[in-house]
>>> print(open('data18.txt').read())   # compact mmCIF, C-alpha atoms
# COMPACT_ATOMS: atom_id res chain seq x y z
CA MET Z 1 0.00 0.00 0.00
CA SER Z 2 1.35 3.43 -0.96
CA VAL Z 3 2.23 5.67 2.00
CA ARG Z 4 1.93 9.44 1.54
CA PRO Z 5 5.43 10.96 1.97
CA ASN Z 6 6.11 13.53 4.71
CA PHE Z 7 6.41 17.22 3.87
CA THR Z 8 9.92 17.22 5.43
CA GLU Z 9 11.73 15.58 8.36
CA ARG Z 10 12.38 16.82 11.91
CA LYS Z 11 16.17 16.80 11.42
CA TYR Z 12 15.81 19.31 8.56
CA LEU Z 13 13.48 21.72 10.39
CA THR Z 14 16.03 24.37 11.47
CA ILE Z 15 17.73 24.69 8.09
CA PHE Z 16 14.34 24.54 6.33
CA LEU Z 17 13.04 27.51 8.36
CA PHE Z 18 16.22 29.55 7.83
CA VAL Z 19 16.33 28.99 4.08
CA THR Z 20 12.61 29.78 3.87
CA SER Z 21 13.37 33.16 5.50
CA LEU Z 22 15.81 33.86 2.65
CA PHE Z 23 12.93 33.58 0.17
CA LEU Z 24 11.30 36.49 2.05
CA CYS Z 25 14.51 38.54 1.84
CA TRP Z 26 14.84 38.39 -1.94
CA GLY Z 27 11.11 39.01 -2.34
CA VAL Z 28 11.64 42.36 -0.60
CA ALA Z 29 14.59 43.24 -2.85
CA LEU Z 30 12.93 42.36 -6.16
CA THR Z 31 9.68 44.23 -5.53
CA LEU Z 32 11.50 47.27 -4.16
CA GLY Z 33 13.08 47.45 -7.62
CA ASP Z 34 9.63 48.14 -9.07
CA VAL Z 35 9.14 51.04 -6.64
CA LEU Z 36 12.58 52.38 -7.63
CA ASN Z 37 11.52 52.11 -11.29
CA ARG Z 38 8.75 54.66 -10.72
CA HIS Z 39 10.75 56.83 -8.29
CA PHE Z 40 13.69 57.20 -10.67
CA GLN Z 41 11.31 58.36 -13.42
CA HIS Z 42 10.48 61.36 -11.20
CA VAL Z 43 13.72 62.13 -9.39
CA LEU Z 44 16.20 61.34 -12.18
CA HIS Z 45 13.85 62.48 -14.99
CA ILE Z 46 14.03 59.36 -17.15
CA SER Z 47 11.49 57.75 -19.48
CA LYS Z 48 9.49 54.57 -18.77
CA SER Z 49 11.58 52.58 -21.25
CA ARG Z 50 14.85 53.75 -19.63
CA SER Z 51 13.55 53.10 -16.12
CA GLY Z 52 12.99 49.51 -17.28
CA LEU Z 53 16.79 49.17 -17.10
CA VAL Z 54 16.31 48.84 -13.34
CA GLN Z 55 14.82 45.41 -14.01
CA LEU Z 56 17.58 44.64 -16.52
CA SER Z 57 20.16 45.35 -13.81
CA LEU Z 58 18.32 43.13 -11.33
CA PHE Z 59 17.42 40.20 -13.55
CA GLY Z 60 20.45 40.51 -15.83
CA ALA Z 61 22.61 39.59 -12.85
CA TYR Z 62 20.93 36.18 -12.85
CA ALA Z 63 22.29 35.46 -16.34
CA VAL Z 64 25.78 36.49 -15.26
CA MET Z 65 25.80 34.80 -11.85
CA GLY Z 66 23.72 31.67 -12.46
CA ILE Z 67 26.51 29.33 -13.67
CA PRO Z 68 29.29 30.73 -11.41
CA ALA Z 69 26.97 30.33 -8.40
CA GLY Z 70 26.25 26.73 -9.42
CA ILE Z 71 29.98 25.97 -9.79
CA PHE Z 72 30.70 27.61 -6.43
CA MET Z 73 27.94 25.59 -4.76
CA LYS Z 74 29.18 22.32 -6.26
CA ARG Z 75 32.75 23.06 -5.19
CA PHE Z 76 32.15 24.51 -1.71
CA GLY Z 77 28.69 23.28 -0.71
CA TYR Z 78 25.34 24.75 0.20
CA LYS Z 79 26.48 26.65 3.31
CA ARG Z 80 29.26 28.65 1.70
CA GLY Z 81 27.00 29.27 -1.29
CA ILE Z 82 24.41 30.90 0.96
CA LEU Z 83 27.08 32.94 2.76
CA LEU Z 84 28.39 34.21 -0.59
CA GLY Z 85 24.87 35.20 -1.63
CA LEU Z 86 24.23 37.09 1.61
CA LEU Z 87 27.60 38.89 1.33
CA LEU Z 88 26.85 40.09 -2.21
CA TYR Z 89 23.30 41.10 -1.22
CA ALA Z 90 24.56 43.22 1.70
CA SER Z 91 27.38 44.73 -0.38
CA GLY Z 92 24.97 45.83 -3.11
CA ALA Z 93 22.67 47.42 -0.53
CA PHE Z 94 25.54 49.40 0.98
CA LEU Z 95 26.58 50.61 -2.51
CA PHE Z 96 23.35 52.65 -2.52
CA ILE Z 97 25.11 55.12 -0.22
CA PRO Z 98 27.67 56.38 -2.82
CA ALA Z 99 25.08 56.04 -5.59
CA ALA Z 100 22.72 58.43 -3.76
CA GLU Z 101 25.54 60.86 -3.11
CA ALA Z 102 26.45 60.87 -6.82
CA VAL Z 103 22.77 61.19 -7.92
CA SER Z 104 23.60 58.76 -10.73
CA PHE Z 105 21.18 56.32 -12.38
CA ASN Z 106 24.11 54.24 -13.64
CA TYR Z 107 25.61 54.00 -10.13
CA PHE Z 108 22.26 52.81 -8.81
CA ARG Z 109 22.14 50.21 -11.58
CA LEU Z 110 25.61 48.98 -10.53
CA ALA Z 111 24.49 48.71 -6.90
CA LEU Z 112 21.37 46.80 -7.97
CA PHE Z 113 23.49 44.50 -10.14
CA VAL Z 114 25.79 43.56 -7.24
CA LEU Z 115 22.79 43.08 -4.95
CA ALA Z 116 21.08 40.90 -7.55
CA CYS Z 117 24.22 38.77 -7.95
CA GLY Z 118 23.61 37.92 -4.31
CA LEU Z 119 19.96 37.14 -5.03
CA ALA Z 120 20.93 34.91 -7.96
CA THR Z 121 23.40 33.02 -5.78
CA LEU Z 122 20.82 32.53 -3.04
CA GLU Z 123 18.21 31.29 -5.52
CA THR Z 124 20.68 28.90 -7.16
CA VAL Z 125 21.47 27.38 -3.77
CA ALA Z 126 18.10 27.60 -2.02
CA HIS Z 127 15.89 25.81 -4.56
CA PRO Z 128 17.84 22.53 -4.79
CA LEU Z 129 18.50 22.72 -1.03
CA ILE Z 130 14.78 23.02 -0.22
CA ALA Z 131 14.03 20.27 -2.76
CA SER Z 132 16.52 17.98 -0.99
CA LEU Z 133 15.08 18.47 2.51
CA GLY Z 134 12.83 15.41 2.33
CA ASP Z 135 11.22 13.01 -0.11
CA GLN Z 136 11.40 14.18 -3.73
CA ARG Z 137 7.71 13.45 -4.23
CA THR Z 138 6.92 16.41 -1.95
CA SER Z 139 9.59 18.76 -3.35
CA ASP Z 140 6.92 20.73 -5.28
CA GLN Z 141 5.06 21.39 -2.03
CA ARG Z 142 8.21 22.43 -0.12
CA ILE Z 143 9.34 24.84 -2.81
CA ASN Z 144 5.87 26.36 -3.16
CA PHE Z 145 5.61 26.72 0.62
CA ALA Z 146 9.02 28.44 0.81
CA GLN Z 147 8.09 30.63 -2.16
CA SER Z 148 4.98 31.73 -0.23
CA PHE Z 149 7.34 33.69 2.01
CA ASN Z 150 8.87 35.17 -1.12
CA GLY Z 151 5.33 36.44 -1.66
CA LEU Z 152 5.31 37.87 1.89
CA GLY Z 153 8.55 39.67 1.05
CA GLY Z 154 6.81 40.92 -2.06
CA VAL Z 155 4.10 42.45 0.16
CA ILE Z 156 6.63 44.09 2.46
CA GLY Z 157 8.78 45.50 -0.39
CA PRO Z 158 6.22 47.75 -2.13
CA ALA Z 159 4.61 48.70 1.21
CA LEU Z 160 7.98 49.87 2.55
CA GLY Z 161 8.85 51.55 -0.72
CA SER Z 162 5.51 53.35 -0.97
CA TYR Z 163 5.66 54.61 2.63
CA ILE Z 164 9.35 55.51 2.78
CA ILE Z 165 10.26 56.37 -0.83
CA LEU Z 166 7.11 57.38 -2.76
CA LYS Z 167 5.33 59.22 0.07
CA GLU Z 168 6.25 62.89 -0.38
CA SER Z 169 9.83 61.98 -1.29
CA ASN Z 170 11.40 63.85 -4.19
CA ASP Z 171 15.03 63.01 -3.48
CA LEU Z 172 17.29 60.01 -2.98
CA LEU Z 173 17.97 60.27 0.76
CA ALA Z 174 15.08 57.94 1.67
CA VAL Z 175 16.38 55.40 -0.85
CA ARG Z 176 19.87 55.58 0.68
CA ASP Z 177 18.65 55.22 4.26
CA LEU Z 178 16.32 52.30 3.48
CA TYR Z 179 19.05 50.30 1.76
CA MET Z 180 21.49 51.01 4.61
CA VAL Z 181 19.04 49.28 6.96
CA ILE Z 182 18.51 46.40 4.51
CA GLY Z 183 22.27 45.89 4.21
CA GLY Z 184 22.59 45.73 8.00
CA VAL Z 185 19.80 43.14 8.31
CA ILE Z 186 21.30 40.90 5.62
CA ALA Z 187 24.78 41.13 7.15
CA THR Z 188 23.30 40.06 10.51
CA LEU Z 189 21.61 37.05 8.86
CA ALA Z 190 25.00 36.01 7.45
CA VAL Z 191 26.53 36.04 10.93
CA VAL Z 192 23.62 33.98 12.34
CA PHE Z 193 23.94 31.44 9.51
CA LEU Z 194 27.56 30.74 10.47
CA PHE Z 195 26.20 28.85 13.51
CA ILE Z 196 23.64 26.74 11.62
CA ARG Z 197 24.60 23.22 10.55
CA ILE Z 198 23.35 21.68 7.29
CA PRO Z 199 22.73 17.92 7.57
CA LYS Z 200 24.04 15.53 4.95
CA LEU Z 201 21.61 15.49 2.04
CA GLN Z 202 20.70 13.30 -0.92
CA TYR Z 203 19.37 14.43 -4.29
CA ALA Z 204 16.44 12.01 -4.15
CA THR Z 205 15.03 9.77 -1.46
CA HIS Z 206 12.45 7.55 -3.12
CA GLU Z 207 14.18 5.94 -6.03
CA ASP Z 208 17.59 4.97 -7.28
CA LEU Z 209 18.34 7.34 -10.10
CA GLY Z 210 21.54 5.66 -11.17
CA GLU Z 211 23.53 7.53 -13.80
CA ALA Z 212 21.23 10.32 -14.96
CA LYS Z 213 21.30 11.30 -18.63
CA PRO Z 214 23.16 14.51 -19.58
CA LEU Z 215 21.11 17.63 -18.92
CA ILE Z 216 20.74 18.53 -22.59
CA ARG Z 217 18.89 15.20 -23.08
CA GLN Z 218 16.52 15.81 -20.15
CA LYS Z 219 13.58 17.28 -22.05
CA HIS Z 220 11.63 18.32 -18.95
CA PHE Z 221 14.65 20.28 -17.68
CA VAL Z 222 15.30 22.02 -21.02
CA PHE Z 223 11.67 23.11 -21.38
CA ALA Z 224 11.64 24.20 -17.71
CA ALA Z 225 14.61 26.52 -18.32
CA ILE Z 226 12.82 28.01 -21.36
CA ALA Z 227 9.54 28.34 -19.43
CA GLN Z 228 11.32 30.05 -16.54
CA PHE Z 229 12.75 32.64 -18.93
CA PHE Z 230 9.27 33.54 -20.18
CA ASN Z 231 7.80 33.28 -16.69
CA THR Z 232 10.16 35.87 -15.22
CA ALA Z 233 9.75 37.98 -18.36
CA ALA Z 234 6.02 38.19 -17.63
CA GLN Z 235 6.71 38.88 -13.96
CA GLY Z 236 9.26 41.61 -14.63
CA GLY Z 237 7.07 43.42 -17.12
CA THR Z 238 3.85 43.13 -15.10
CA TRP Z 239 5.45 44.40 -11.89
CA ALA Z 240 7.55 47.14 -13.50
CA TYR Z 241 4.54 49.05 -14.84
CA PHE Z 242 1.93 48.24 -12.20
CA ILE Z 243 2.33 51.62 -10.48
CA ASN Z 244 2.33 53.36 -13.87
CA TYR Z 245 -0.96 51.61 -14.71
CA GLY Z 246 -2.47 52.74 -11.41
CA HIS Z 247 -1.39 56.34 -12.07
CA ASP Z 248 -1.99 56.64 -15.83
CA VAL Z 249 -5.14 54.53 -16.24
CA MET Z 250 -6.78 54.68 -12.80
CA GLY Z 251 -5.75 58.20 -11.81
CA LEU Z 252 -4.21 57.08 -8.48
CA SER Z 253 -1.28 58.78 -6.79
CA ASP Z 254 2.01 56.89 -6.96
CA GLU Z 255 1.79 56.17 -3.23
CA LYS Z 256 -1.73 54.68 -3.46
CA ALA Z 257 -0.80 52.69 -6.56
CA GLY Z 258 2.17 51.34 -4.61
CA TYR Z 259 -0.14 50.15 -1.83
CA PHE Z 260 -2.31 48.37 -4.41
CA PHE Z 261 0.87 46.73 -5.72
CA SER Z 262 1.47 45.50 -2.18
CA LEU Z 263 -2.11 44.16 -2.14
CA SER Z 264 -1.40 42.24 -5.35
CA MET Z 265 1.57 40.65 -3.60
CA ILE Z 266 -0.75 39.54 -0.77
CA LEU Z 267 -2.79 37.79 -3.47
CA LEU Z 268 0.42 36.19 -4.75
CA MET Z 269 1.22 34.91 -1.25
CA ILE Z 270 -2.33 33.58 -0.82
CA GLY Z 271 -2.09 31.94 -4.24
CA ARG Z 272 1.04 30.06 -3.19
CA PHE Z 273 -0.54 28.74 0.00
CA VAL Z 274 -3.69 27.79 -1.92
CA GLY Z 275 -1.60 26.24 -4.70
CA THR Z 276 0.44 24.21 -2.20
CA GLY Z 277 -2.81 22.78 -0.83
CA LEU Z 278 -4.30 22.11 -4.27
CA MET Z 279 -1.20 20.14 -5.24
CA ARG Z 280 -2.29 17.46 -2.79
CA ILE Z 281 -5.20 16.67 -5.14
CA ILE Z 282 -4.19 18.17 -8.52
CA ALA Z 283 -0.93 17.30 -10.27
CA PRO Z 284 1.42 20.33 -10.18
CA TYR Z 285 1.85 20.40 -13.97
CA LYS Z 286 -1.93 20.48 -14.47
CA LEU Z 287 -2.35 23.32 -11.98
CA LEU Z 288 0.46 25.22 -13.71
CA ALA Z 289 -1.29 24.98 -17.09
CA MET Z 290 -4.62 26.05 -15.58
CA PHE Z 291 -3.14 29.13 -13.89
CA ALA Z 292 -1.27 30.11 -17.08
CA GLY Z 293 -4.54 29.95 -19.01
CA MET Z 294 -6.23 32.20 -16.45
CA ASN Z 295 -3.46 34.79 -16.76
CA ILE Z 296 -3.92 34.95 -20.53
CA VAL Z 297 -7.52 35.98 -19.81
CA MET Z 298 -6.41 38.48 -17.13
CA CYS Z 299 -3.92 40.18 -19.49
CA VAL Z 300 -6.58 40.62 -22.17
CA ILE Z 301 -8.91 42.26 -19.63
CA VAL Z 302 -6.13 44.54 -18.32
CA ALA Z 303 -5.36 45.79 -21.83
CA GLN Z 304 -9.00 46.85 -22.39
CA GLN Z 305 -8.82 49.67 -19.79
CA TRP Z 306 -12.26 48.84 -18.34
CA GLY Z 307 -11.67 50.83 -15.15
CA TRP Z 308 -11.82 48.83 -11.94
CA VAL Z 309 -12.63 45.60 -13.80
CA SER Z 310 -9.29 45.80 -15.57
CA PHE Z 311 -7.48 46.91 -12.41
CA VAL Z 312 -8.85 43.94 -10.46
CA ALA Z 313 -7.66 41.70 -13.32
CA LEU Z 314 -4.20 43.29 -12.93
CA LEU Z 315 -4.28 42.41 -9.23
CA MET Z 316 -5.39 38.84 -10.01
CA ILE Z 317 -2.45 38.26 -12.37
CA ASN Z 318 -0.30 37.87 -9.25
CA PHE Z 319 -2.70 35.31 -7.73
CA PHE Z 320 -2.44 33.08 -10.78
CA PHE Z 321 1.24 33.88 -11.25
CA SER Z 322 1.87 32.67 -7.69
CA ILE Z 323 2.77 29.00 -8.26
CA MET Z 324 4.55 29.44 -11.58
CA PHE Z 325 8.14 30.19 -10.57
CA PRO Z 326 8.46 27.51 -7.86
CA THR Z 327 6.49 24.89 -9.79
CA ILE Z 328 8.52 25.33 -12.99
CA PHE Z 329 11.67 25.14 -10.86
CA SER Z 330 10.67 21.97 -9.02
CA LEU Z 331 9.36 20.21 -12.14
CA GLY Z 332 12.60 21.04 -13.95
CA LEU Z 333 14.72 19.53 -11.15
CA LYS Z 334 12.81 16.23 -10.92
CA ASN Z 335 14.91 13.05 -11.12
CA LEU Z 336 18.16 14.70 -12.23
CA GLY Z 337 20.35 12.96 -9.65
CA LYS Z 338 23.91 14.28 -9.65
CA HIS Z 339 22.96 16.99 -12.16
CA THR Z 340 20.51 18.69 -9.77
CA GLN Z 341 22.82 21.51 -8.64
CA GLN Z 342 24.02 22.27 -12.16
CA ALA Z 343 20.45 22.27 -13.43
CA SER Z 344 19.48 24.77 -10.74
CA SER Z 345 22.09 27.23 -11.99
CA PHE Z 346 20.78 26.99 -15.57
CA ILE Z 347 17.16 27.51 -14.51
CA VAL Z 348 18.23 30.52 -12.43
CA MET Z 349 19.89 31.96 -15.55
CA GLY Z 350 16.46 31.95 -17.18
CA VAL Z 351 15.47 34.70 -14.74
CA VAL Z 352 17.22 37.13 -17.11
CA GLY Z 353 13.88 37.23 -18.93
CA GLY Z 354 12.70 39.57 -16.19
CA GLY Z 355 15.32 42.06 -17.31
CA ILE Z 356 14.69 41.84 -21.05
CA PHE Z 357 10.91 42.28 -21.05
CA PRO Z 358 10.46 45.54 -19.04
CA PRO Z 359 12.40 47.75 -21.52
CA LEU Z 360 10.39 46.18 -24.38
CA MET Z 361 7.12 46.76 -22.56
CA GLY Z 362 8.35 50.26 -21.71
CA LEU Z 363 8.57 51.15 -25.40
CA ILE Z 364 4.84 50.42 -25.68
CA ALA Z 365 4.05 51.89 -22.24
CA ASN Z 366 5.59 55.22 -23.32
CA HIS Z 367 2.48 55.55 -25.52
CA ASN Z 368 -0.11 53.42 -23.68
CA VAL Z 369 0.71 51.41 -20.57
CA ALA Z 370 -2.46 49.28 -20.87
CA THR Z 371 -1.62 48.10 -24.40
CA ALA Z 372 1.78 46.92 -23.10
CA TYR Z 373 0.00 44.17 -21.15
CA TYR Z 374 -0.73 42.26 -24.35
CA LEU Z 375 2.97 41.33 -24.44
CA PRO Z 376 3.01 38.94 -21.42
CA ILE Z 377 0.37 36.77 -23.14
CA ILE Z 378 3.21 35.31 -25.23
CA CYS Z 379 4.91 34.22 -22.01
CA TYR Z 380 1.85 32.56 -20.53
CA ILE Z 381 1.26 30.58 -23.73
CA VAL Z 382 4.77 29.08 -23.37
CA ILE Z 383 4.12 28.23 -19.70
CA LEU Z 384 0.76 26.65 -20.55
CA LEU Z 385 2.44 24.46 -23.19
CA PHE Z 386 5.11 23.39 -20.68
CA GLY Z 387 2.51 22.35 -18.12
CA TYR Z 388 0.29 20.61 -20.67
CA ASN Z 389 3.18 18.63 -22.20
CA TYR Z 390 5.07 17.87 -18.98
CA PRO Z 391 4.10 14.16 -18.66
CA ARG Z 392 5.43 13.49 -22.15
CA LEU Z 393 8.57 15.58 -21.54
CA ALA Z 394 9.38 13.79 -18.26
CA LYS Z 395 8.66 10.28 -19.57
CA LYS Z 396 11.68 8.01 -19.17
>>> encode(input="data18.txt", output="structure tokens")
Amino acid sequence: MSVRPNFTERKYLTIFLFVTSLFLCWGVALTLGDVLNRHFQHVLHISKSRSGLVQLSLFGAYAVMGIPAGIFMKRFGYKRGILLGLLLYASGAFLFIPAAEAVSFNYFRLALFVLACGLATLETVAHPLIASLGDQRTSDQRINFAQSFNGLGGVIGPALGSYIILKESNDLLAVRDLYMVIGGVIATLAVVFLFIRIPKLQYATHEDLGEAKPLIRQKHFVFAAIAQFFNTAAQGGTWAYFINYGHDVMGLSDEKAGYFFSLSMILLMIGRFVGTGLMRIIAPYKLLAMFAGMNIVMCVIVAQQWGWVSFVALLMINFFFSIMFPTIFSLGLKNLGKHTQQASSFIVMGVVGGGIFPPLMGLIANHNVATAYYLPIICYIVILLFGYNYPRLAKK
């Protein structure tokens, strides 16, 4: 008789909780970038398409750091990989101090790039680590649960940014001070992590994988890397111009639009908890395809500019987006054996899509921000096809 596998094991609880807290930390950093996108338009007097380079700096670091982080992790282990990520994260945050003093968009982009190299390193390490903390059959649930706290960080980021940066702030001092505090918090986490022990782990616990095929021949992994590129492309573009949509289409102040962005992140967090529960009864790949289909509908409604109907659809994009990143990641890592860590670095590289799409959407948003939301439909079609075809792709 088949026994339902445990979510995780008691011996992994401490490291599981700590790594889950890291998901919250990079959720704060990524969504603060979307607040900076709007703030820099005002303070540094740049266009929407140029402000999209904020996302290119953030997500572009994933393309640069993905493979080096994977090599570092394989050579030095999970613990040192996490410490490297936290060091880069804190260093990038502290670089906001000279960037604010210089009042330079390019200096801010450099600071964001260094910070995001830390985020890329943490993501490369954290996903396979979370997947390994228990039976592989429940890895989808563990990653979605941990990513729920990424959603909580996504709520905190825009709320902080709206209150501290967008609220009656027409300079860069608030930006500098906020990132000084963030840098201090991350540095403290690095010190705490020095005293946490990581138990010996296996790549899989329910079957003997033997000698896994080369990654290039693992169709489910290859398609997952492609799907993750388009997934983060949709995320980057949707988030980058959310506040612009609230201001231009709905007539909201930047501060109020920022609070609605924070509300959309609450929906994302709820979606991840709901999705984690639904995966007990619906196969993850099926749920992924269903949610992708719903977001195609949401994007069409957003582009119509139907007032609050369209704005609610914009909010709901995050609810249906919720499970996509972690589910694509976990499906891509299934049954890869010794290639798991290397595969994680390649999937993380796909996050560069979040840097490429915002400038492209910005070119359309310069004329009509609502029309720009037709573009992510392309991304959700790719994700839907990945989910729909996953059983065939993963067939041995």
>>> closest_atom_pairs(input="data18.txt", of="region 257-365 of chain Z", to="region 7-14 of chain Z", cutoff="12 Å", atoms="only C-alpha atoms", output="Markdown table")
| residue | atom | partner | partner_atom | distance |
| --- | --- | --- | --- | --- |
| Z:Thr276 | CA | Z:Phe7 | CA | 11.0 |
| Z:Gly277 | CA | Z:Phe7 | CA | 11.7 |
| Z:Arg280 | CA | Z:Phe7 | CA | 11.0 |
>>> atom_distance(input="data18.txt", atom1="CA of Leu178 (chain Z)", atom2="CA of Asn318 (chain Z)")
25.4 Å
>>> closest_residue(input="data18.txt", among="Z:Leu17, Z:Val103, Z:Ala283, Z:Ile156", to="Gly258 (chain Z)", atoms="only C-alpha atoms")
Z:Ile156
>>> closest_residue(input="data18.txt", among="Z:Gly251, Z:Gly27, Z:Gly332, Z:Gly293", to="Val348 (chain Z)", atoms="only C-alpha atoms")
Z:Gly332
>>> residues_around(input="data18.txt", residues="Phe291 (chain Z)", least_positions_apart="4", cutoff="7 Å", atoms="all atoms listed in the file", output="PyMOL selection string")
chain Z and resi 287+295+320-321
>>> write_last_selection(input="data18.txt", atoms="C-alpha atoms", output="short mmCIF file (atom, residue, chain, number, x, y, z; two decimals), keeping the file's coordinate frame")
data_model
loop_
_atom_site.label_atom_id
_atom_site.label_comp_id
_atom_site.auth_asym_id
_atom_site.auth_seq_id
_atom_site.Cartn_x
_atom_site.Cartn_y
_atom_site.Cartn_z
CA LEU Z 287 -2.35 23.32 -11.98
CA ASN Z 295 -3.46 34.79 -16.76
CA PHE Z 320 -2.44 33.08 -10.78
CA PHE Z 321 1.24 33.88 -11.25
#
>>> residues_near_point(input="data18.txt", point="(-0.3, 36.0, -7.2)", cutoff="12 Å", atoms="all atoms listed in the file", output="ChimeraX atom specification")
/Z:147-148,150-152,154-155,235,238-239,261-275,291-292,294-295,298,313-325
>>> closest_residue(input="data18.txt", among="Z:Phe357, Z:Phe16, Z:Phe195, Z:Phe260", to="Gly236 (chain Z)", atoms="only C-alpha atoms")
Z:Phe357
>>> decode(input="data18.txt", residues="region 50-70 of chain Z", atoms="N, CA and C atoms", output="mmCIF file, in the first residue's frame")
data_model
loop_
_atom_site.group_PDB
_atom_site.id
_atom_site.type_symbol
_atom_site.label_atom_id
_atom_site.label_comp_id
_atom_site.auth_asym_id
_atom_site.auth_seq_id
_atom_site.Cartn_x
_atom_site.Cartn_y
_atom_site.Cartn_z
ATOM 1 N N ARG Z 50 13.516 53.730 -20.262
ATOM 2 C CA ARG Z 50 14.848 53.753 -19.626
ATOM 3 C C ARG Z 50 14.765 53.259 -18.190
ATOM 4 N N SER Z 51 13.685 53.576 -17.497
ATOM 5 C CA SER Z 51 13.555 53.098 -16.116
ATOM 6 C C SER Z 51 13.452 51.575 -16.076
ATOM 7 N N GLY Z 52 13.036 50.972 -17.193
ATOM 8 C CA GLY Z 52 12.993 49.510 -17.279
ATOM 9 C C GLY Z 52 14.370 48.881 -17.149
ATOM 10 N N LEU Z 53 15.432 49.686 -17.289
ATOM 11 C CA LEU Z 53 16.791 49.173 -17.101
ATOM 12 C C LEU Z 53 17.063 48.807 -15.644
ATOM 13 N N VAL Z 54 16.217 49.296 -14.730
ATOM 14 C CA VAL Z 54 16.309 48.845 -13.339
ATOM 15 C C VAL Z 54 16.117 47.335 -13.290
ATOM 16 N N GLN Z 55 15.081 46.853 -13.977
ATOM 17 C CA GLN Z 55 14.821 45.406 -14.012
ATOM 18 C C GLN Z 55 15.914 44.656 -14.768
ATOM 19 N N LEU Z 56 16.478 45.290 -15.800
ATOM 20 C CA LEU Z 56 17.580 44.641 -16.524
ATOM 21 C C LEU Z 56 18.780 44.465 -15.607
ATOM 22 N N SER Z 57 19.040 45.451 -14.757
ATOM 23 C CA SER Z 57 20.159 45.348 -13.811
ATOM 24 C C SER Z 57 19.910 44.238 -12.796
ATOM 25 N N LEU Z 58 18.661 44.147 -12.326
ATOM 26 C CA LEU Z 58 18.325 43.127 -11.335
ATOM 27 C C LEU Z 58 18.349 41.724 -11.948
ATOM 28 N N PHE Z 59 17.569 41.542 -12.993
ATOM 29 C CA PHE Z 59 17.421 40.203 -13.555
ATOM 30 C C PHE Z 59 18.591 39.815 -14.457
ATOM 31 N N GLY Z 60 19.271 40.807 -15.025
ATOM 32 C CA GLY Z 60 20.447 40.509 -15.832
ATOM 33 C C GLY Z 60 21.548 39.862 -15.021
ATOM 34 N N ALA Z 61 21.602 40.198 -13.723
ATOM 35 C CA ALA Z 61 22.609 39.592 -12.853
ATOM 36 C C ALA Z 61 22.421 38.086 -12.755
ATOM 37 N N TYR Z 62 21.184 37.621 -12.916
ATOM 38 C CA TYR Z 62 20.925 36.184 -12.848
ATOM 39 C C TYR Z 62 21.601 35.448 -14.008
ATOM 40 N N ALA Z 63 21.628 36.084 -15.188
ATOM 41 C CA ALA Z 63 22.286 35.459 -16.342
ATOM 42 C C ALA Z 63 23.786 35.391 -16.126
ATOM 43 N N VAL Z 64 24.333 36.434 -15.491
ATOM 44 C CA VAL Z 64 25.782 36.490 -15.260
ATOM 45 C C VAL Z 64 26.195 35.555 -14.133
ATOM 46 N N MET Z 65 25.385 35.490 -13.072
ATOM 47 C CA MET Z 65 25.802 34.800 -11.846
ATOM 48 C C MET Z 65 25.302 33.372 -11.751
ATOM 49 N N GLY Z 66 24.331 32.982 -12.591
ATOM 50 C CA GLY Z 66 23.724 31.666 -12.463
ATOM 51 C C GLY Z 66 24.730 30.525 -12.486
ATOM 52 N N ILE Z 67 25.540 30.428 -13.547
ATOM 53 C CA ILE Z 67 26.506 29.333 -13.672
ATOM 54 C C ILE Z 67 27.628 29.440 -12.641
ATOM 55 N N PRO Z 68 28.261 30.634 -12.453
ATOM 56 C CA PRO Z 68 29.292 30.728 -11.405
ATOM 57 C C PRO Z 68 28.778 30.327 -10.025
ATOM 58 N N ALA Z 69 27.534 30.705 -9.702
ATOM 59 C CA ALA Z 69 26.975 30.327 -8.399
ATOM 60 C C ALA Z 69 26.813 28.812 -8.304
ATOM 61 N N GLY Z 70 26.385 28.173 -9.410
ATOM 62 C CA GLY Z 70 26.252 26.725 -9.423
ATOM 63 C C GLY Z 70 27.593 26.025 -9.248
#
